[in-house]
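K.L.:
Can you keep this structure in mind? I'll have questions shortly.
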Amino acid sequence: MSKREFAAAFPETESGLVERKTGISRGPFADSIVAFSNTEGGVILIGVDDAGNVVGRELTQGLEDNVHEVMSNIRDPGRYTLHSLGVDGRTITVLAIAKRREGFSQTSNGRVLVRRGTRDEALFGPALRDFLNARSLERFETTDIGVPLSGAPKVLIGGLASAFGWSGAASYPERMNECGLAVHARAGYHLTVAGSLHVLPRPSDKLGKAYIEILRFREGAKNYDRRTQIDGPLRDQVEGATEFVLDELGTEVVILGVHRHELPRIPQRVLREAIANAVAHRSYELKGTPVRIEIRPEAVTITSPGGLPEPVTVENMRDQAAARNGNVIRVLRAFKLAEDSGAGVDVMEDLMRDELLDPPAFADSGTAVTVTLPIRSAVAPSERAWVREVEQRGLIQSSDRIVLVHAARGEELTNSRVRELLAVDKDTARAALHRLRDAGFLVQRGRRGGASYVLDSSLQPPAGLRLGQAELEDLVFDMAREAPLSNADVRDRTGLDRPQALQLLSRLVADGRLARVGERRGTRYIARPAS
């Protein structure tokens with residue numbers, strides 16, 4: 001924006017929707033966030049003084065961390081996003097805060113604030129009572145469903161007690177009441193929504209489609225060719241769906257020399273966490289929609305009914321945590337089927353990166369949350385297997401893996417190239433290169449600004465990693481001149497997987513350099529004589 005455009009968009013005086021800050025003063029900053037959350041939402045312009053003068057404040061990692069820390073100390077803030085805004089050559093940071101759609105926000109010491117004009121005002125007495133009556137919301141998971149606790153199978157209640165370490169069966173009803181899984185009624189204890197999900201054999205009999213539906217799609221197909229429904233207590237749903245999907249996916253089998261590697265297409269812990277999150281955070285008010293898992297050749301998608309709980313958004317979900325069904329997920333954690341609060345997204349992203357797989361993608365339509373776990377990656381299975389073998393020489397950091405892959409592809413790495421690969425600053429890139437050099441993985445050429453790094457020759461990556469397409473074709477053709485080839489022969493020599501080897505051989509047949517003889521397992525490729 002120009003200075004004139006900025007002044008037109010944000011008039012000099014503050015309003016019920018705009019607050020100006022030259023920096024972050026934690027108390028007043030938090031007060032404005034709470035007040036905006038409880039009223040109509042608003043924006044905080046960081047780097048602008050009270051008179052509307054732009055003094056500048058860039059959205060650095062430090063500033064972003066400070067904002068997330070302030071947010072974490074506020075109880076139930078509205079959803080928020082951070083943006084950079086250029087104003088006449090200077091950069092400011094804009095924090096946009098949405099009005100809470102459910103419940104209300106409080107400061108860390110319990111105050112409830114609202115925005116009135118340019119002021120953040122605390123509510124007391126009758127005003128506070130009226131506000132709370134209008135905004136308070138009973139969590140649906142604590143709703144009494146009218147089913148006596150005595151009707152639940154003892155074996156399921158016993159499993160729950162064992163997970164929490166409860167002793168004395170007579171105390172189980174009271175313990176479940178404390179955990180929000182049961183409520184005291186006139187004729188004894190009744191199950192809540194949360195309790196029924198964990199101790200009824202088929203929660204869907206009382207809660208609608210409270211189960212997981214799995215659909216399998218073949219390559220390019222619009223319609224699924226297999227449908228499976230997994231019901232039962234949530235722990236059975238999570239374990240059963242995880243096992244089913246892993247069985248469908250299988251593993252990537254790579255043979256490098258004498259070593260056989262079985263690589264997960266999606267790490268088990270990542271898949272289990274995504275499924276656990278879907279059943280724990282879904283909206284059970286939406287009784288007509290199940291959690292849906294779609295298995296496709298390129299990815300697994302998991303869709304959970306209901307949007308993200310406030311203040312979580314797709315953009316801040318790694319830094320913020322909120323539970324729509326806190327009692328539900330507490331039980332899953334007791335069964336060790338879900339990560340600690342706030343750690344689930346971190347675990348999924350970090351484990352996918354460690355396996356050199358593309359990161360999970362999250363989307364929130366407002367009515368459903370979808371997690372997409374890619375199966376295919378820019379890093380080939382043979383490259384993933386080679387990195388595993390290389391790691392036997394010494395411990396490397398997870399971010400070093402992708403650097404080694406590019407070195408194995410024959411790249412001569414520089415500081416700028418590593419910055420591009422890892423999205424880091426020059427000091428972090430230099431540290432990574434020096435760490436790999438000092439561990440014997442890379443060899444340095446040149447010094448200081450002119451330094452570059454190549455893979456140490458002793459590592460010997462397979463041909464499929466270090467040779468280009470034309471070089472691979474020449475290698476396979478030379479092999480065929482010595483003896484008839486099978487797909488397995490090409491895989492053993494190059495480190496390519498089965499589809500890649502078949503594609504390479506088919507290309508050589510189409511070019512007239514090889515001839516295909518035999519069928520199925522007896523298929524061989526022989527070199528055609530030069531014309």
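Chain lettering (A, B, ...) mirrors the order of the structure tokens, residue numbering begins at 1 for each chain separately, and ligand numbering begins at 1 in order of display.
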At a cut-off of 10 Å, using only C-alpha atoms, what residues contact Arg318 in chain A? Leave out same-chain residues fewer than 4 positions from it and give the result as a list of chain:residue names.
P.N.:
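The contact residues come out as A:Val312, A:Thr313, A:Val314, A:Gly342, A:Ala343, A:Gly344, A:Val345, A:Asp346, A:Val347, A:Glu349.
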K.L.:
Fewer than 4 positions away in the same chain doesn't count, so skip those; otherwise give me all residues within 10 Å of Leu59 in chain A, counting only C-alpha atoms, as a list of chain:residue names.
P.N.:
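Those residues are A:Ile46, A:Gly47, A:Leu63, A:Glu64, A:Asp65, A:Leu82, A:His83, A:Ser84, A:Leu85, A:Thr91, A:Ile92, A:Thr93, A:Val94.
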K.L.:
Store the residues picked out above, limited to N, CA and C atoms, as a PDB file, in the first residue's frame.
P.N.:
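Result file follows (selection-v3.pdb):
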ATOM      1  N   ILE A  46       0.761  -4.000  13.996  1.00  0.00           N
ATOM      2  CA  ILE A  46       1.997  -3.970  14.778  1.00  0.00           C
ATOM      3  C   ILE A  46       3.053  -3.244  13.960  1.00  0.00           C
ATOM      4  N   GLY A  47       3.568  -2.135  14.519  1.00  0.00           N
ATOM      5  CA  GLY A  47       4.511  -1.289  13.785  1.00  0.00           C
ATOM      6  C   GLY A  47       3.883   0.033  13.385  1.00  0.00           C
ATOM      7  N   LEU A  63       9.082 -12.538  16.149  1.00  0.00           N
ATOM      8  CA  LEU A  63       7.795 -11.890  16.386  1.00  0.00           C
ATOM      9  C   LEU A  63       6.666 -12.905  16.294  1.00  0.00           C
ATOM     10  N   GLU A  64       6.734 -13.779  15.295  1.00  0.00           N
ATOM     11  CA  GLU A  64       5.692 -14.794  15.147  1.00  0.00           C
ATOM     12  C   GLU A  64       5.634 -15.693  16.376  1.00  0.00           C
ATOM     13  N   ASP A  65       6.806 -16.106  16.882  1.00  0.00           N
ATOM     14  CA  ASP A  65       6.847 -16.943  18.083  1.00  0.00           C
ATOM     15  C   ASP A  65       6.235 -16.217  19.281  1.00  0.00           C
ATOM     16  N   LEU A  82      -1.613 -14.161  10.724  1.00  0.00           N
ATOM     17  CA  LEU A  82      -0.569 -13.138  10.690  1.00  0.00           C
ATOM     18  C   LEU A  82      -0.197 -12.840   9.247  1.00  0.00           C
ATOM     19  N   HIS A  83      -0.025 -11.565   8.933  1.00  0.00           N
ATOM     20  CA  HIS A  83       0.326 -11.154   7.578  1.00  0.00           C
ATOM     21  C   HIS A  83       1.369 -10.046   7.624  1.00  0.00           C
ATOM     22  N   SER A  84       2.186  -9.971   6.585  1.00  0.00           N
ATOM     23  CA  SER A  84       3.076  -8.827   6.389  1.00  0.00           C
ATOM     24  C   SER A  84       2.405  -7.847   5.439  1.00  0.00           C
ATOM     25  N   LEU A  85       2.585  -6.562   5.686  1.00  0.00           N
ATOM     26  CA  LEU A  85       2.003  -5.531   4.830  1.00  0.00           C
ATOM     27  C   LEU A  85       3.039  -4.441   4.592  1.00  0.00           C
ATOM     28  N   THR A  91       7.688  -2.144   6.311  1.00  0.00           N
ATOM     29  CA  THR A  91       6.877  -3.350   6.511  1.00  0.00           C
ATOM     30  C   THR A  91       6.302  -3.364   7.919  1.00  0.00           C
ATOM     31  N   ILE A  92       4.997  -3.628   8.007  1.00  0.00           N
ATOM     32  CA  ILE A  92       4.363  -3.814   9.309  1.00  0.00           C
ATOM     33  C   ILE A  92       3.770  -5.221   9.357  1.00  0.00           C
ATOM     34  N   THR A  93       3.355  -5.622  10.537  1.00  0.00           N
ATOM     35  CA  THR A  93       2.728  -6.931  10.718  1.00  0.00           C
ATOM     36  C   THR A  93       1.274  -6.718  11.112  1.00  0.00           C
ATOM     37  N   VAL A  94       0.386  -7.470  10.469  1.00  0.00           N
ATOM     38  CA  VAL A  94      -1.045  -7.365  10.744  1.00  0.00           C
ATOM     39  C   VAL A  94      -1.517  -8.667  11.378  1.00  0.00           C
TER      40      VAL A  94
END
K.L.:
Per residue of range 268-369 of chain A within 10 Å of range 181-188 of chain A, what are the shortest atom pair and its distance in Å to one decimal, counting only C-alpha atoms, with rows by chain and residue number, as JSON lines?
P.N.:
{"residue": "A:Asn327", "atom": "CA", "partner": "A:Leu181", "partner_atom": "CA", "distance": 7.2}
{"residue": "A:Val328", "atom": "CA", "partner": "A:Leu181", "partner_atom": "CA", "distance": 8.4}
{"residue": "A:Val331", "atom": "CA", "partner": "A:Leu181", "partner_atom": "CA", "distance": 9.5}
K.L.:
Go ahead and dump the residues you just picked, C-alpha atoms, as a PDB file, in the first residue's frame.
P.N.:
ATOM      1  CA  ASN A 327     -12.796 -36.058  27.063  1.00  0.00           C
ATOM      2  CA  VAL A 328     -12.790 -38.223  23.936  1.00  0.00           C
ATOM      3  CA  VAL A 331      -9.146 -41.581  26.589  1.00  0.00           C
TER       4      VAL A 331
END
K.L.:
Which residues come within 10 Å of Asn177 in chain A, counting only C-alpha atoms, excluding same-chain residues fewer than 2 positions away, as a list of chain:residue names?
P.N.:
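The neighbour list is A:Thr142, A:Tyr172, A:Pro173, A:Glu174, A:Arg175, A:Cys179, A:Gly180, A:Leu181, A:Ala182, A:Val183, A:His184, A:Tyr189, A:His190, A:Leu191, A:Thr192, A:Gly195.
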K.L.:
For Ser25 in chain A, work out the shell of residues within 12 Å, counting only C-alpha atoms and skipping chain neighbours fewer than 3 positions away, then give it as a PDB file with C-alpha atoms, in the first residue's frame.
P.N.:
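Everything below was put into selection17.pdb:
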ATOM      1  CA  ARG A  20      -2.371   0.046  16.762  1.00  0.00           C
ATOM      2  CA  LYS A  21       0.788  -1.166  18.501  1.00  0.00           C
ATOM      3  CA  THR A  22       4.428  -0.214  17.957  1.00  0.00           C
ATOM      4  CA  PRO A  28      -2.364  -4.795  26.604  1.00  0.00           C
ATOM      5  CA  PHE A  29      -1.708  -6.939  23.525  1.00  0.00           C
ATOM      6  CA  ALA A  30      -3.495  -9.938  25.074  1.00  0.00           C
ATOM      7  CA  ASP A  31      -6.349  -7.704  26.277  1.00  0.00           C
ATOM      8  CA  SER A  32      -7.050  -6.518  22.726  1.00  0.00           C
ATOM      9  CA  ILE A  46       1.997  -3.970  14.778  1.00  0.00           C
ATOM     10  CA  LEU A  63       7.795 -11.890  16.386  1.00  0.00           C
ATOM     11  CA  ASN A  66       5.953 -14.129  20.511  1.00  0.00           C
ATOM     12  CA  VAL A  67       2.446 -13.832  19.077  1.00  0.00           C
ATOM     13  CA  VAL A  70       0.718 -14.748  23.846  1.00  0.00           C
TER      14      VAL A  70
END
K.L.:
Out of A:Tyr80, A:Phe124, A:Phe36, A:Tyr453, which residue has the shortest atom-to-atom distance to Phe104 in chain A when counting only C-alpha atoms?
P.N.:
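Counting only C-alpha atoms, the residue closest to Phe104 in chain A is A:Phe36.
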K.L.:
Ser399 in chain A: which residues within 10 Å, counting only C-alpha atoms, same-chain residues fewer than 3 positions away excluded, as a PyMOL selection string?
P.N.:
chain A and resi 350+353-354+356+396+402-404+421-422+432
K.L.:
May I have the residues from that selection written out with N, CA and C atoms, as an mmCIF file, in the first residue's frame?
P.N.:
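Printed below is out.cif as written:
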data_model
loop_
_atom_site.group_PDB
_atom_site.id
_atom_site.type_symbol
_atom_site.label_atom_id
_atom_site.label_comp_id
_atom_site.auth_asym_id
_atom_site.auth_seq_id
_atom_site.Cartn_x
_atom_site.Cartn_y
_atom_site.Cartn_z
ATOM 1 N N ASP A 350 6.844 -34.160 10.906
ATOM 2 C CA ASP A 350 8.247 -34.525 11.118
ATOM 3 C C ASP A 350 8.542 -35.945 10.637
ATOM 4 N N ARG A 353 8.652 -36.082 6.840
ATOM 5 C CA ARG A 353 9.920 -35.505 6.390
ATOM 6 C C ARG A 353 11.072 -36.471 6.626
ATOM 7 N N ASP A 354 11.076 -37.145 7.766
ATOM 8 C CA ASP A 354 12.153 -38.087 8.072
ATOM 9 C C ASP A 354 12.183 -39.243 7.080
ATOM 10 N N LEU A 356 11.446 -38.891 4.013
ATOM 11 C CA LEU A 356 11.634 -38.255 2.708
ATOM 12 C C LEU A 356 10.367 -38.327 1.860
ATOM 13 N N ILE A 396 22.944 -38.755 11.251
ATOM 14 C CA ILE A 396 22.754 -37.470 10.574
ATOM 15 C C ILE A 396 21.424 -36.885 11.017
ATOM 16 N N ILE A 402 17.751 -34.856 2.749
ATOM 17 C CA ILE A 402 17.446 -34.334 1.414
ATOM 18 C C ILE A 402 18.695 -33.749 0.771
ATOM 19 N N VAL A 403 19.616 -33.210 1.566
ATOM 20 C CA VAL A 403 20.886 -32.709 1.024
ATOM 21 C C VAL A 403 21.681 -33.861 0.429
ATOM 22 N N LEU A 404 21.733 -34.980 1.134
ATOM 23 C CA LEU A 404 22.456 -36.148 0.628
ATOM 24 C C LEU A 404 21.830 -36.698 -0.651
ATOM 25 N N LEU A 421 17.032 -25.642 -0.879
ATOM 26 C CA LEU A 421 16.480 -26.965 -0.596
ATOM 27 C C LEU A 421 15.794 -27.021 0.766
ATOM 28 N N LEU A 422 16.398 -26.388 1.766
ATOM 29 C CA LEU A 422 15.925 -26.511 3.139
ATOM 30 C C LEU A 422 15.122 -25.313 3.622
ATOM 31 N N ALA A 432 24.983 -27.209 8.026
ATOM 32 C CA ALA A 432 24.601 -28.518 7.474
ATOM 33 C C ALA A 432 25.700 -29.069 6.573
#
K.L.:
Just to confirm, what's the straight-line distance from CA of Gly159 in chain A to CA of Asp144 in chain A in Å (one decimal)?
P.N.:
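Answer for the CA of Gly159 in chain A to CA of Asp144 in chain A separation: 21.8 Å.
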K.L.:
Identify all residues of range 77-301 of chain A in helix (DSSP H, G or I) (DSSP on the backbone) and supply them as a PyMOL selection string.
P.N.:
chain A and resi 125-135+140-142+149-151+154-164+169-178+193-199+204-207+234-249+268-281
K.L.:
Using backbone DSSP assignments, extract all strand (DSSP E or B) residues from range 8-80 of chain A; output them as number ranges by chain.
P.N.:
A: 18-21, 42-46, 48, 54, 75, 80
K.L.:
Mind giving me the straight-line distance from CA of Ala480 in chain A to CA of Ala527 in chain A in Å, one decimal?
P.N.:
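Spanning CA of Ala480 in chain A to CA of Ala527 in chain A is a straight-line distance of 5.2 Å.
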K.L.:
Could you give me, as an NGL selection string, the residues within 7 Å of range 261-275 of chain A, counting only C-alpha atoms and dropping anything in the same chain fewer than 2 positions from it?
P.N.:
:A and (238 or 242 or 249 or 251-255 or 259 or 277-279 or 338 or 344 or 348 or 351 or 375 or 385)
K.L.:
Between CA of Gly394 in chain A and CA of Val454 in chain A, what is the distance, to one decimal in Å?
P.N.:
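Answer for the CA of Gly394 in chain A to CA of Val454 in chain A separation: 17.7 Å.
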K.L.:
Rank A:Gly125, A:Pro297, A:Pro311, A:Gly449 by their smallest atom-to-atom distance to Pro374 in chain A, using only C-alpha atoms, and report the top residue only.
P.N.:
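Checking each of A:Gly125, A:Pro297, A:Pro311, A:Gly449 against Pro374 in chain A, counting only C-alpha atoms, the winner is A:Pro297.
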